Structure formats: structure tokens, C-alpha cells
file target-v2.csv (CSV, C-alpha atoms and all ligand atoms)
chain,number,residue,atom,x,y,z
A,13,MET,CA,63.8,130.4,228.2
A,14,SER,CA,63.5,133.8,230.0
A,15,SER,CA,60.8,133.9,232.6
A,16,THR,CA,59.4,137.4,232.1
A,17,GLY,CA,57.9,139.1,229.1
A,18,ASP,CA,60.5,141.9,229.1
A,19,GLU,CA,63.4,139.4,229.1
A,20,LEU,CA,61.8,137.4,226.4
A,21,ARG,CA,61.3,140.5,224.2
A,22,GLU,CA,64.9,141.4,224.8
A,23,GLU,CA,66.0,138.0,223.7
A,24,VAL,CA,63.9,138.4,220.5
A,25,ARG,CA,65.4,141.8,219.9
A,26,ARG,CA,68.9,140.5,220.3
A,27,ARG,CA,68.3,137.6,218.0
A,28,TYR,CA,66.9,139.8,215.2
A,29,ALA,CA,69.7,142.4,215.6
A,30,GLU,CA,72.1,139.5,214.9
A,31,SER,CA,70.1,138.5,211.9
A,32,ALA,CA,70.3,142.0,210.4
A,33,GLN,CA,74.0,142.1,211.1
A,34,ALA,CA,74.5,138.8,209.3
A,35,VAL,CA,72.9,140.2,206.2
A,36,THR,CA,75.2,143.1,206.1
A,37,GLY,CA,78.2,140.9,206.9
A,38,GLU,CA,78.8,142.7,210.2
A,39,GLY,CA,78.0,139.8,212.5
A,40,ASP,CA,77.5,136.1,212.8
A,41,GLY,CA,73.8,135.8,212.6
A,42,CYS,CA,71.4,132.8,212.7
A,43,GLY,CA,71.2,131.5,209.2
A,44,CYS,CA,69.1,134.3,207.7
A,45,GLY,CA,71.0,133.7,204.5
A,46,THR,CA,69.3,130.3,204.4
A,47,GLY,CA,66.0,132.1,204.6
A,48,SER,CA,65.0,130.5,207.9
A,49,CYS,CA,63.0,132.3,210.6
A,50,CYS,CA,66.1,132.0,212.7
A,51,ASP,CA,64.9,128.8,214.4
A,52,ASP,CA,67.4,126.4,215.6
A,53,SER,CA,65.3,123.4,216.1
A,54,ALA,CA,62.1,122.0,214.6
A,55,ALA,CA,61.5,124.6,211.9
A,56,SER,CA,65.0,124.3,210.6
A,57,ALA,CA,64.7,120.6,210.7
A,58,VAL,CA,61.7,120.6,208.3
A,59,GLY,CA,63.6,122.8,205.9
A,60,SER,CA,64.3,126.5,205.2
A,61,ALA,CA,61.8,126.4,202.2
A,62,LYS,CA,59.1,127.0,204.9
A,63,PHE,CA,60.4,130.5,205.7
A,64,GLY,CA,61.9,133.5,203.9
A,65,GLU,CA,62.5,134.6,200.4
A,66,VAL,CA,61.2,131.4,198.7
A,67,LEU,CA,57.7,132.4,199.6
A,68,TYR,CA,57.8,135.3,197.2
A,69,GLU,CA,57.3,135.1,193.4
A,70,ALA,CA,60.5,135.3,191.4
A,71,GLU,CA,59.1,138.5,189.8
A,72,GLN,CA,58.6,140.2,193.1
A,73,ARG,CA,62.1,139.2,194.3
A,74,GLY,CA,63.5,140.7,191.1
A,75,GLU,CA,62.1,144.1,192.0
A,76,LEU,CA,64.0,144.1,195.3
A,77,PRO,CA,67.6,144.9,196.4
A,78,ASP,CA,69.5,141.7,197.2
A,79,ALA,CA,69.9,142.6,200.9
A,80,ALA,CA,66.1,143.0,201.3
A,81,VAL,CA,65.6,139.5,199.8
A,82,LEU,CA,68.3,138.0,201.9
A,83,ALA,CA,66.9,139.6,205.1
A,84,SER,CA,63.5,138.0,204.5
A,85,LEU,CA,62.5,136.0,207.6
A,86,GLY,CA,58.8,135.7,207.1
A,87,CYS,CA,56.5,132.7,206.8
A,88,GLY,CA,54.4,133.9,203.9
A,89,ASN,CA,53.8,136.9,201.6
A,90,PRO,CA,51.2,139.3,203.2
A,91,THR,CA,51.4,141.7,200.2
A,92,ALA,CA,50.0,138.9,198.0
A,93,VAL,CA,46.9,138.6,200.2
A,94,ALA,CA,46.3,142.2,201.3
A,95,ASP,CA,45.0,143.4,197.9
A,96,LEU,CA,46.6,146.9,198.2
A,97,HIS,CA,45.3,149.8,196.1
A,98,ASP,CA,46.7,153.1,194.9
A,99,GLY,CA,46.7,155.8,197.6
A,100,GLU,CA,46.3,153.5,200.6
A,101,THR,CA,48.2,153.8,203.8
A,102,VAL,CA,49.7,150.4,204.9
A,103,LEU,CA,51.4,149.5,208.2
A,104,ASP,CA,53.8,146.5,208.4
A,105,LEU,CA,54.2,145.3,212.0
A,106,GLY,CA,57.8,144.0,212.6
A,107,SER,CA,59.1,145.1,209.2
A,108,GLY,CA,62.5,143.6,209.6
A,109,GLY,CA,64.7,144.2,206.5
A,110,GLY,CA,61.8,146.0,204.8
A,111,ILE,CA,60.8,143.5,202.1
A,112,ASP,CA,57.0,143.9,202.6
A,113,VAL,CA,57.3,147.7,203.1
A,114,ILE,CA,59.1,148.0,199.8
A,115,LEU,CA,56.6,145.8,198.0
A,116,SER,CA,53.6,147.7,199.6
A,117,ALA,CA,55.1,151.1,198.8
A,118,LYS,CA,55.2,150.1,195.2
A,119,ARG,CA,51.7,148.8,195.2
A,120,VAL,CA,50.1,151.9,196.8
A,121,GLY,CA,52.0,154.2,194.5
A,122,PRO,CA,53.2,157.8,195.1
A,123,THR,CA,49.8,158.9,196.6
A,124,GLY,CA,50.0,156.1,199.2
A,125,LEU,CA,52.3,155.5,202.1
A,126,ALA,CA,53.9,152.4,203.6
A,127,TYR,CA,54.9,152.4,207.3
A,128,GLY,CA,57.3,149.8,208.7
A,129,LEU,CA,57.4,149.4,212.5
A,130,ASP,CA,60.1,147.5,214.3
A,131,MET,CA,61.8,147.6,217.7
A,132,THR,CA,65.3,146.5,216.5
A,133,ASP,CA,67.7,149.4,215.5
A,134,GLU,CA,69.8,147.1,213.3
A,135,MET,CA,66.7,146.0,211.3
A,136,LEU,CA,65.4,149.6,211.0
A,137,ALA,CA,68.8,150.7,209.6
A,138,LEU,CA,68.9,147.7,207.1
A,139,ALA,CA,65.3,148.4,206.0
A,140,SER,CA,66.0,152.1,205.4
A,141,ARG,CA,69.0,151.3,203.3
A,142,ASN,CA,67.1,148.7,201.3
A,143,ALA,CA,64.2,151.1,200.7
A,144,GLU,CA,66.6,153.8,199.5
A,145,GLN,CA,68.4,151.4,197.2
A,146,ALA,CA,65.0,150.4,195.8
A,147,GLY,CA,64.3,154.0,195.1
A,148,ILE,CA,61.3,154.1,197.4
A,149,LYS,CA,60.1,157.6,198.5
A,150,ASN,CA,56.8,156.8,200.1
A,151,ALA,CA,58.0,154.6,203.0
A,152,VAL,CA,58.5,155.6,206.6
A,153,PHE,CA,60.2,153.4,209.2
A,154,LEU,CA,59.2,153.8,212.8
A,155,LYS,CA,61.0,152.5,215.9
A,156,GLY,CA,58.6,151.1,218.4
A,157,LEU,CA,56.6,148.1,219.7
A,158,ILE,CA,53.8,146.4,218.0
A,159,GLU,CA,52.0,146.3,221.4
A,160,GLN,CA,52.1,150.2,221.5
A,161,ILE,CA,51.9,151.3,217.9
A,162,PRO,CA,53.2,154.9,217.6
A,163,LEU,CA,50.4,156.1,215.2
A,164,PRO,CA,47.1,157.8,215.8
A,165,ALA,CA,43.7,156.1,215.8
A,166,ASP,CA,41.9,155.5,212.5
A,167,SER,CA,45.0,156.4,210.4
A,168,VAL,CA,45.7,153.2,208.5
A,169,ASP,CA,43.8,151.4,205.7
A,170,VAL,CA,45.7,148.1,205.9
A,171,VAL,CA,47.8,146.3,208.5
A,172,ILE,CA,50.1,143.6,207.3
A,173,SER,CA,52.7,141.6,209.2
A,174,ASN,CA,54.9,138.6,208.4
A,175,CYS,CA,55.8,136.1,211.1
A,176,VAL,CA,56.0,138.6,214.0
A,177,ILE,CA,52.8,138.4,216.1
A,178,ASN,CA,53.9,134.9,217.3
A,179,LEU,CA,56.9,136.7,218.8
A,180,SER,CA,54.9,139.1,220.9
A,181,THR,CA,54.7,138.6,224.6
A,182,ASP,CA,51.3,140.4,224.7
A,183,LYS,CA,49.2,139.3,221.7
A,184,ALA,CA,45.9,140.8,223.0
A,185,ALA,CA,47.6,144.2,223.1
A,186,VAL,CA,48.8,143.8,219.5
A,187,LEU,CA,45.3,142.9,218.2
A,188,THR,CA,43.8,145.8,220.2
A,189,GLU,CA,46.4,148.2,218.8
A,190,ILE,CA,45.7,147.0,215.2
A,191,ALA,CA,42.0,147.7,215.7
A,192,ARG,CA,42.8,151.2,217.1
A,193,VAL,CA,45.0,152.3,214.2
A,194,LEU,CA,42.8,150.9,211.4
A,195,ARG,CA,40.1,153.1,210.0
A,196,PRO,CA,36.6,151.5,210.3
A,197,GLY,CA,36.4,149.0,207.5
A,198,GLY,CA,40.2,148.8,207.4
A,199,ARG,CA,41.7,145.3,206.7
A,200,VAL,CA,44.2,143.0,208.1
A,201,GLY,CA,46.4,140.7,205.9
A,202,ILE,CA,48.9,138.8,208.1
A,203,SER,CA,51.2,135.9,207.6
A,204,ASP,CA,52.0,134.1,210.8
A,205,VAL,CA,52.8,130.7,212.3
A,206,VAL,CA,49.6,129.2,213.8
A,207,ALA,CA,49.2,126.0,215.7
A,208,GLU,CA,46.5,123.4,215.2
A,209,ASP,CA,43.9,123.7,218.1
A,210,HIS,CA,44.8,120.4,219.7
A,211,LEU,CA,48.4,121.4,220.5
A,212,THR,CA,48.9,122.6,224.0
A,213,ALA,CA,51.3,125.5,224.8
A,214,GLU,CA,53.8,122.9,226.0
A,215,GLN,CA,53.6,120.9,222.8
A,216,ARG,CA,54.1,124.0,220.7
A,217,GLY,CA,57.2,124.7,222.8
A,218,GLU,CA,58.5,121.2,222.1
A,219,ARG,CA,58.4,121.9,218.3
A,220,GLY,CA,60.7,124.9,218.3
A,221,SER,CA,62.0,128.0,220.1
A,222,TYR,CA,60.1,131.2,221.0
A,223,VAL,CA,62.6,133.4,219.1
A,224,GLY,CA,62.4,131.0,216.2
A,225,CYS,CA,58.7,131.8,215.7
A,226,ILE,CA,57.3,128.5,216.9
A,227,ALA,CA,56.8,128.3,220.7
A,228,GLY,CA,54.8,131.6,220.9
A,229,ALA,CA,52.4,130.8,218.1
A,230,LEU,CA,48.6,131.1,218.8
A,231,SER,CA,46.3,128.3,217.8
A,232,ARG,CA,43.8,128.9,215.0
A,233,SER,CA,40.9,129.3,217.5
A,234,GLU,CA,42.9,131.6,219.7
A,235,TYR,CA,43.7,133.8,216.8
A,236,ILE,CA,40.0,134.0,215.7
A,237,ALA,CA,38.8,134.6,219.2
A,238,GLY,CA,41.4,137.3,219.7
A,239,LEU,CA,40.6,139.2,216.5
A,240,GLU,CA,36.8,139.0,217.2
A,241,ALA,CA,37.3,140.3,220.8
A,242,ALA,CA,39.4,143.2,219.4
A,243,GLY,CA,36.5,144.2,217.1
A,244,PHE,CA,37.1,142.5,213.8
A,245,ASP,CA,34.6,140.9,211.4
A,246,GLU,CA,35.1,138.4,208.5
A,247,VAL,CA,37.9,136.8,210.4
A,248,SER,CA,39.7,133.8,208.7
A,249,VAL,CA,42.8,131.8,209.4
A,250,GLU,CA,43.9,129.6,206.5
A,251,PHE,CA,46.8,127.2,206.8
A,252,THR,CA,49.2,127.3,203.8
A,253,HIS,CA,52.1,125.1,204.6
A,254,GLU,CA,53.3,123.0,207.6
A,255,VAL,CA,56.4,124.4,209.3
A,256,ALA,CA,56.6,121.9,212.1
A,257,ASP,CA,54.4,119.0,213.3
A,258,GLY,CA,50.9,120.5,213.7
A,259,MET,CA,52.2,124.1,213.2
A,260,HIS,CA,51.6,126.0,210.0
A,261,GLY,CA,52.4,129.1,208.0
A,262,ALA,CA,49.0,130.7,207.8
A,263,ILE,CA,47.2,133.7,206.2
A,264,VAL,CA,45.1,135.7,208.7
A,265,LYS,CA,42.5,138.0,207.3
A,266,ALA,CA,40.0,140.3,209.1
A,267,VAL,CA,38.1,143.6,208.6
A,268,LYS,CA,37.6,146.2,211.3
A,269,THR,CA,34.0,146.5,212.3
A,270,GLU,CA,32.4,149.6,210.8
A,271,ALA,CA,31.3,152.2,213.4
A,272,PRO,CA,28.1,151.1,215.1
A,273,GLY,CA,25.1,152.7,213.3
A,274,GLN,CA,26.9,152.8,210.0
A,275,LYS,CA,26.1,149.2,209.1
A,276,GLY,CA,22.7,149.0,210.7
A,277,LEU,CA,23.8,147.8,214.2
A,278,PRO,CA,21.9,149.2,217.1
A,279,VAL,CA,23.8,151.9,219.0
A,280,ILE,CA,23.4,151.0,222.7
A,281,GLN,CA,23.3,154.2,224.8
A,282,PRO,CA,24.6,153.9,228.4
A,283,ALA,CA,21.1,154.5,229.8
A,284,SER,CA,19.6,151.5,228.0
A,285,ARG,CA,22.2,149.3,229.8
A,286,ALA,CA,20.9,150.2,233.2
A,287,GLY,CA,19.7,147.3,235.1
A,288,CYS,CA,21.1,144.9,232.6
A,289,CYS,CA,23.8,142.3,233.4
B,301,LIG,C1,60.9,137.0,212.0
B,301,LIG,S1,61.4,138.6,211.8
B,301,LIG,C2,60.3,139.1,210.4
B,301,LIG,C3,60.7,140.3,209.7
B,301,LIG,C4,59.9,140.7,208.5
B,301,LIG,N1,58.5,140.8,208.8
B,301,LIG,C5,60.1,139.7,207.4
B,301,LIG,O1,59.1,139.1,206.9
B,301,LIG,O2,61.3,139.5,207.0
B,301,LIG,C6,60.6,139.5,213.2
B,301,LIG,C7,60.8,141.0,213.2
B,301,LIG,O3,59.9,141.6,214.1
B,301,LIG,C8,60.6,142.4,215.0
B,301,LIG,N2,59.8,142.3,216.3
B,301,LIG,C9,59.6,141.2,217.0
B,301,LIG,N3,58.9,141.5,218.1
B,301,LIG,C10,58.5,142.8,218.0
B,301,LIG,C11,57.8,143.7,218.9
B,301,LIG,N4,57.2,143.3,220.0
B,301,LIG,N5,57.7,145.0,218.5
B,301,LIG,C12,58.3,145.5,217.4
B,301,LIG,N6,59.0,144.7,216.5
B,301,LIG,C13,59.2,143.4,216.9
B,301,LIG,C14,62.0,141.9,215.1
B,301,LIG,O4,62.9,143.0,215.4
B,301,LIG,C15,62.2,141.4,213.6
B,301,LIG,O5,62.7,142.5,212.8
call {"tool": "encode", "arguments": {"input": "target-v2.csv", "output": "C-alpha cells"}}
result
Amino acid sequence: MSSTGDELREEVRRRYAESAQAVTGEGDGCGCGTGSCCDDSAASAVGSAKFGEVLYEAEQRGELPDAAVLASLGCGNPTAVADLHDGETVLDLGSGGGIDVILSAKRVGPTGLAYGLDMTDEMLALASRNAEQAGIKNAVFLKGLIEQIPLPADSVDVVISNCVINLSTDKAAVLTEIARVLRPGGRVGISDVVAEDHLTAEQRGERGSYVGCIAGALSRSEYIAGLEAAGFDEVSVEFTHEVADGMHGAIVKAVKTEAPGQKGLPVIQPASRAGCC
């Protein structure tokens, strides 16, 4: 595996560019048609039913262009847990072929907006084509990193993501960025691969590759602590299905802390901290 964060990110980008090309028939990708999260070891061994399109209701799949369904590489269905409403602004981190952006855009309706953010040009091109084919007018795809979200502070009601945060080489930055772009009281509804707490980083690495969404997974406690440190309340991480020994598809939920003072918390002025700590 690559030694530096930048090299690892480039490896991830290359891998998912190939996945997008496989869907459009332009390249020889990594089994996305089988619905896998492109893993080549443990996750594939336990079966492709753990990732991809099978995690969506048949009715939802029926609303989507075939290429959007085929490109699905997630480990859950965040749109099913995010409880989206008319008029809301949603941001999908690592939007891939666009499946969750299209479903979100339909849920929030013409007065709402769904952003998809991805670093891979081939995925962005595929997602734009899929959204156009689905007749979606209220979706915008952005090129960028989930560690440096190209949106202003307090501009989003809901952040969703499907099997992407495990791929980040700087998860603390991602969680801090999610907190920045969400409005106070805004919500997180994420699907991700999450490890049981007893698994060391090395043991996670033995169960699958980094680009295949396994080796980079946080543990349940790490996820909860990271979200709390970034300013979230009501944090929960619920395992839904095992994807490798001790590693699970999980639903991660949280709410951005309301501004201090708005929910009765004391507002600590700098002067009152003098002499303390
Ligand atoms: C496993 S695929 C999931 C795609 C989509 N969420 C789905 O459910 O089908 C991971 C996606 O995240 C993107 N990605 C991975 N790391 C990223 C990063 N640090 N910043 C932006 N996009 C990233 C990849 O380009 C790829 O499209």
C-alpha cells in the first residue's frame, strides 16, 4: 500500500475512475457491475450482496437510470435514513455515479437542492449524465475533496454519504468540514463500513484493502468520538450487516449542535476562562 496520504488518495481516485469507466463500457473496471465496493479480497469473498444496488428497495431502483444503479458502490442507503423533506439542501459526500443525489433531489423536490461532491472526473461525468437522464433539474455536482468541502459555512440542511469516509486519509478533517457546512441543527445520515472496537488497524487491514472500503474503516468508538469532537449531538452508529469478519455496513447519525445560547447552554466569554486550565 502507498505510504503517504496523497499517494493513497491518488490510488483511490484511480480505482474509482476505473469503476466509472467500467459502467460506461469504456474500461476494464473492478467488478462494479457485480455491485461490489471494488474490493478484491475479504469483502468480495463474503459476497457482493453486502455492497451496491441490492441495498436499495426495488421501487427506488425502478426510479433510476440503469447506469446509476449499476454504478452503485455503497454499503447502505443513506437516503432511507436521512428523512429528507421538501425544500431542504442536501450534500452527498463522494457521490460516485449519482444514485443518492438523484434519490435525494427527488425527495427534496423542486424547491430543494441536492449537491454531489466527488474528486474523480469520470464519476462526476457519469453522475451528471445519470441525473440528466433521470430528468433531475435540482442537482449540482461539484469537483473537490470531502476534506475541503467547496461550500460556505451553514449552507446545508443534511449531509449524506455512502461508503466514502472510510476512504478518506484525513477523517478528522472530513468530520470538521461536515460540521462547518451544516446549519446549526443540521443532520448527518451516513452509510459507511465500521469496525468493531476490538479490531486493531492491522486487523482491519488483514480483512480487505484500503481502496476496497475495508482497511481504512473507523471503529464504532472512533466514529462516535470523532463526531462528538467535531460538534455533533445525538450521535449513533448502528451496525446493519457484516461485510467482513468484525466489520459492518453501518448507519451513522448525528445532529449539529445548536449555537450556544440557543438551547440553554452557557456561552463562555473569553474573560471567564482567564486563570482556568
Ligand atoms: C465507494 S465509491 C461510493 C460512491 C457512491 N457514494 C455510491 O454509493 O455509489 C467512493 C466514491 O468516493 C469518491 N471519493 C473517495 N475519496 C474521496 C475524497 N477524499 N474526496 C472526494 N471524493 C472521494 C470516489 O471518487 C468514489 O466516487
call {"tool": "closest_residue", "arguments": {"input": "target-v2.csv", "among": "A:Glu23, A:Asp169, A:Glu250, A:Asp257", "to": "ligand LIG 301 (chain B)", "atoms": "only C-alpha atoms and all ligand atoms"}}
result
A:Glu23
call {"tool": "residues_near_ligand", "arguments": {"input": "target-v2.csv", "ligand": "ligand LIG 301 (chain B)", "cutoff": "7 Å", "atoms": "all atoms listed in the file", "output": "PyMOL selection string"}}
result
chain A and resi 21+24-25+28-29+49+64+83-87+105-112+129-132+135+156-159+173-176+179-180+225
call {"tool": "closest_atom_pairs", "arguments": {"input": "target-v2.csv", "of": "range 135-174 of chain A", "to": "range 197-206 of chain A", "cutoff": "12 Å", "atoms": "all atoms listed in the file", "output": "tab-separated table"}}
result
residue	atom	partner	partner_atom	distance
A:Ala165	CA	A:Gly198	CA	11.7
A:Asp166	CA	A:Gly198	CA	8.6
A:Ser167	CA	A:Gly198	CA	9.5
A:Val168	CA	A:Gly198	CA	7.1
A:Asp169	CA	A:Gly198	CA	4.8
A:Val170	CA	A:Arg199	CA	4.9
A:Val171	CA	A:Val200	CA	4.9
A:Ile172	CA	A:Gly201	CA	4.9
A:Ser173	CA	A:Ile202	CA	4.8
A:Asn174	CA	A:Ser203	CA	4.6
call {"tool": "residues_around", "arguments": {"input": "target-v2.csv", "residues": "Lys149 in chain A", "least_positions_apart": "3", "cutoff": "9 Å", "atoms": "all atoms listed in the file", "output": "list in words"}}
result
Ala117, Pro122, Leu125, Ala143, Glu144 and Val152 of chain A
call {"tool": "write_last_selection", "arguments": {"input": "target-v2.csv", "atoms": "C-alpha atoms", "output": "mmCIF file, in the frame of the given file"}}
result
data_model
loop_
_atom_site.group_PDB
_atom_site.id
_atom_site.type_symbol
_atom_site.label_atom_id
_atom_site.label_comp_id
_atom_site.auth_asym_id
_atom_site.auth_seq_id
_atom_site.Cartn_x
_atom_site.Cartn_y
_atom_site.Cartn_z
ATOM 1 C CA ALA A 117 55.100 151.100 198.800
ATOM 2 C CA PRO A 122 53.200 157.800 195.100
ATOM 3 C CA LEU A 125 52.300 155.500 202.100
ATOM 4 C CA ALA A 143 64.200 151.100 200.700
ATOM 5 C CA GLU A 144 66.600 153.800 199.500
ATOM 6 C CA VAL A 152 58.500 155.600 206.600
#
call {"tool": "residues_around", "arguments": {"input": "target-v2.csv", "residues": "range 190-192 of chain A", "least_positions_apart": "3", "cutoff": "7 Å", "atoms": "only C-alpha atoms", "output": "compact mmCIF listing (two decimals) with C-alpha atoms, in the frame of the given file"}}
result
# COMPACT_ATOMS: atom_id res chain seq x y z
CA ALA A 165 43.70 156.10 215.80
CA ASP A 166 41.90 155.50 212.50
CA VAL A 186 48.80 143.80 219.50
CA LEU A 187 45.30 142.90 218.20
CA ALA A 242 39.40 143.20 219.40
CA GLY A 243 36.50 144.20 217.10
CA LYS A 268 37.60 146.20 211.30
call {"tool": "closest_residue", "arguments": {"input": "target-v2.csv", "among": "A:Arg195, A:Lys265, A:Lys62, A:Arg141", "to": "Ile236 in chain A", "atoms": "only C-alpha atoms"}}
result
A:Lys265
call {"tool": "closest_residue", "arguments": {"input": "target-v2.csv", "among": "A:Gly220, A:Gly228, A:Pro196, A:Gly37", "to": "Phe244 in chain A", "atoms": "all atoms listed in the file"}}
result
A:Pro196
call {"tool": "atom_distance", "arguments": {"input": "target-v2.csv", "atom1": "CA of Thr91 in chain A", "atom2": "CA of Leu154 in chain A"}}
result
19.1 Å
call {"tool": "decode", "arguments": {"input": "target-v2.csv", "residues": "range 76-99 of chain A", "atoms": "N, CA, C and O atoms", "output": "compact mmCIF listing (two decimals), in the first residue's frame"}}
result
# COMPACT_ATOMS: atom_id res chain seq x y z
N LEU A 76 -34.61 4.91 -11.27
CA LEU A 76 -33.27 5.38 -11.63
C LEU A 76 -32.82 4.87 -13.00
O LEU A 76 -33.19 3.75 -13.40
N PRO A 77 -31.99 5.63 -13.71
CA PRO A 77 -31.38 5.10 -14.94
C PRO A 77 -30.52 3.87 -14.62
O PRO A 77 -29.92 3.80 -13.54
N ASP A 78 -30.45 2.94 -15.55
CA ASP A 78 -29.69 1.70 -15.32
C ASP A 78 -28.25 1.98 -14.92
O ASP A 78 -27.70 1.33 -14.02
N ALA A 79 -27.62 2.97 -15.57
CA ALA A 79 -26.20 3.24 -15.28
C ALA A 79 -26.01 3.73 -13.85
O ALA A 79 -24.98 3.47 -13.23
N ALA A 80 -27.01 4.45 -13.31
CA ALA A 80 -26.89 4.93 -11.92
C ALA A 80 -26.98 3.74 -10.96
O ALA A 80 -26.26 3.68 -9.96
N VAL A 81 -27.83 2.79 -11.29
CA VAL A 81 -27.97 1.60 -10.44
C VAL A 81 -26.70 0.76 -10.52
O VAL A 81 -26.15 0.33 -9.50
N LEU A 82 -26.23 0.56 -11.74
CA LEU A 82 -25.01 -0.25 -11.95
C LEU A 82 -23.79 0.35 -11.27
O LEU A 82 -22.91 -0.37 -10.81
N ALA A 83 -23.76 1.68 -11.21
CA ALA A 83 -22.58 2.36 -10.63
C ALA A 83 -22.63 2.40 -9.12
O ALA A 83 -21.70 2.90 -8.49
N SER A 84 -23.69 1.88 -8.52
CA SER A 84 -23.82 1.96 -7.08
C SER A 84 -22.75 1.13 -6.38
O SER A 84 -22.62 -0.07 -6.61
N LEU A 85 -21.97 1.78 -5.52
CA LEU A 85 -20.85 1.12 -4.85
C LEU A 85 -20.93 1.28 -3.35
O LEU A 85 -19.94 1.13 -2.64
N GLY A 86 -22.10 1.63 -2.85
CA GLY A 86 -22.23 1.94 -1.44
C GLY A 86 -22.39 0.71 -0.56
O GLY A 86 -22.42 -0.43 -1.02
N CYS A 87 -22.49 0.99 0.75
CA CYS A 87 -22.67 -0.10 1.72
C CYS A 87 -23.94 0.12 2.53
O CYS A 87 -24.08 -0.36 3.64
N GLY A 88 -24.88 0.87 1.94
CA GLY A 88 -26.16 1.12 2.61
C GLY A 88 -26.99 2.00 1.71
O GLY A 88 -26.72 2.12 0.52
N ASN A 89 -28.00 2.62 2.32
CA ASN A 89 -28.88 3.52 1.56
C ASN A 89 -29.14 4.73 2.43
O ASN A 89 -30.12 4.78 3.17
N PRO A 90 -28.25 5.74 2.38
CA PRO A 90 -28.40 6.88 3.29
C PRO A 90 -29.69 7.65 3.09
O PRO A 90 -30.20 8.26 4.02
N THR A 91 -30.24 7.62 1.87
CA THR A 91 -31.48 8.38 1.65
C THR A 91 -32.64 7.76 2.44
O THR A 91 -33.62 8.43 2.73
N ALA A 92 -32.50 6.49 2.80
CA ALA A 92 -33.57 5.85 3.57
C ALA A 92 -33.53 6.26 5.04
O ALA A 92 -34.53 6.15 5.75
N VAL A 93 -32.38 6.74 5.51
CA VAL A 93 -32.27 7.09 6.94
C VAL A 93 -32.23 8.59 7.18
O VAL A 93 -32.42 9.05 8.30
N ALA A 94 -32.04 9.37 6.12
CA ALA A 94 -31.82 10.81 6.33
C ALA A 94 -33.12 11.59 6.51
O ALA A 94 -33.09 12.75 6.90
N ASP A 95 -34.28 10.99 6.23
CA ASP A 95 -35.58 11.63 6.46
C ASP A 95 -35.62 13.02 5.80
O ASP A 95 -35.80 14.04 6.48
N LEU A 96 -35.46 13.04 4.49
CA LEU A 96 -35.38 14.31 3.76
C LEU A 96 -36.77 14.91 3.55
O LEU A 96 -37.75 14.18 3.38
N HIS A 97 -36.80 16.26 3.55
CA HIS A 97 -38.08 16.95 3.40
C HIS A 97 -38.03 17.93 2.23
O HIS A 97 -36.94 18.40 1.85
N ASP A 98 -39.22 18.30 1.75
CA ASP A 98 -39.34 19.31 0.68
C ASP A 98 -38.54 20.56 1.00
O ASP A 98 -38.59 21.04 2.14
N GLY A 99 -37.81 21.06 0.05
CA GLY A 99 -37.15 22.35 0.19
C GLY A 99 -35.79 22.28 0.87
O GLY A 99 -35.11 23.32 0.97
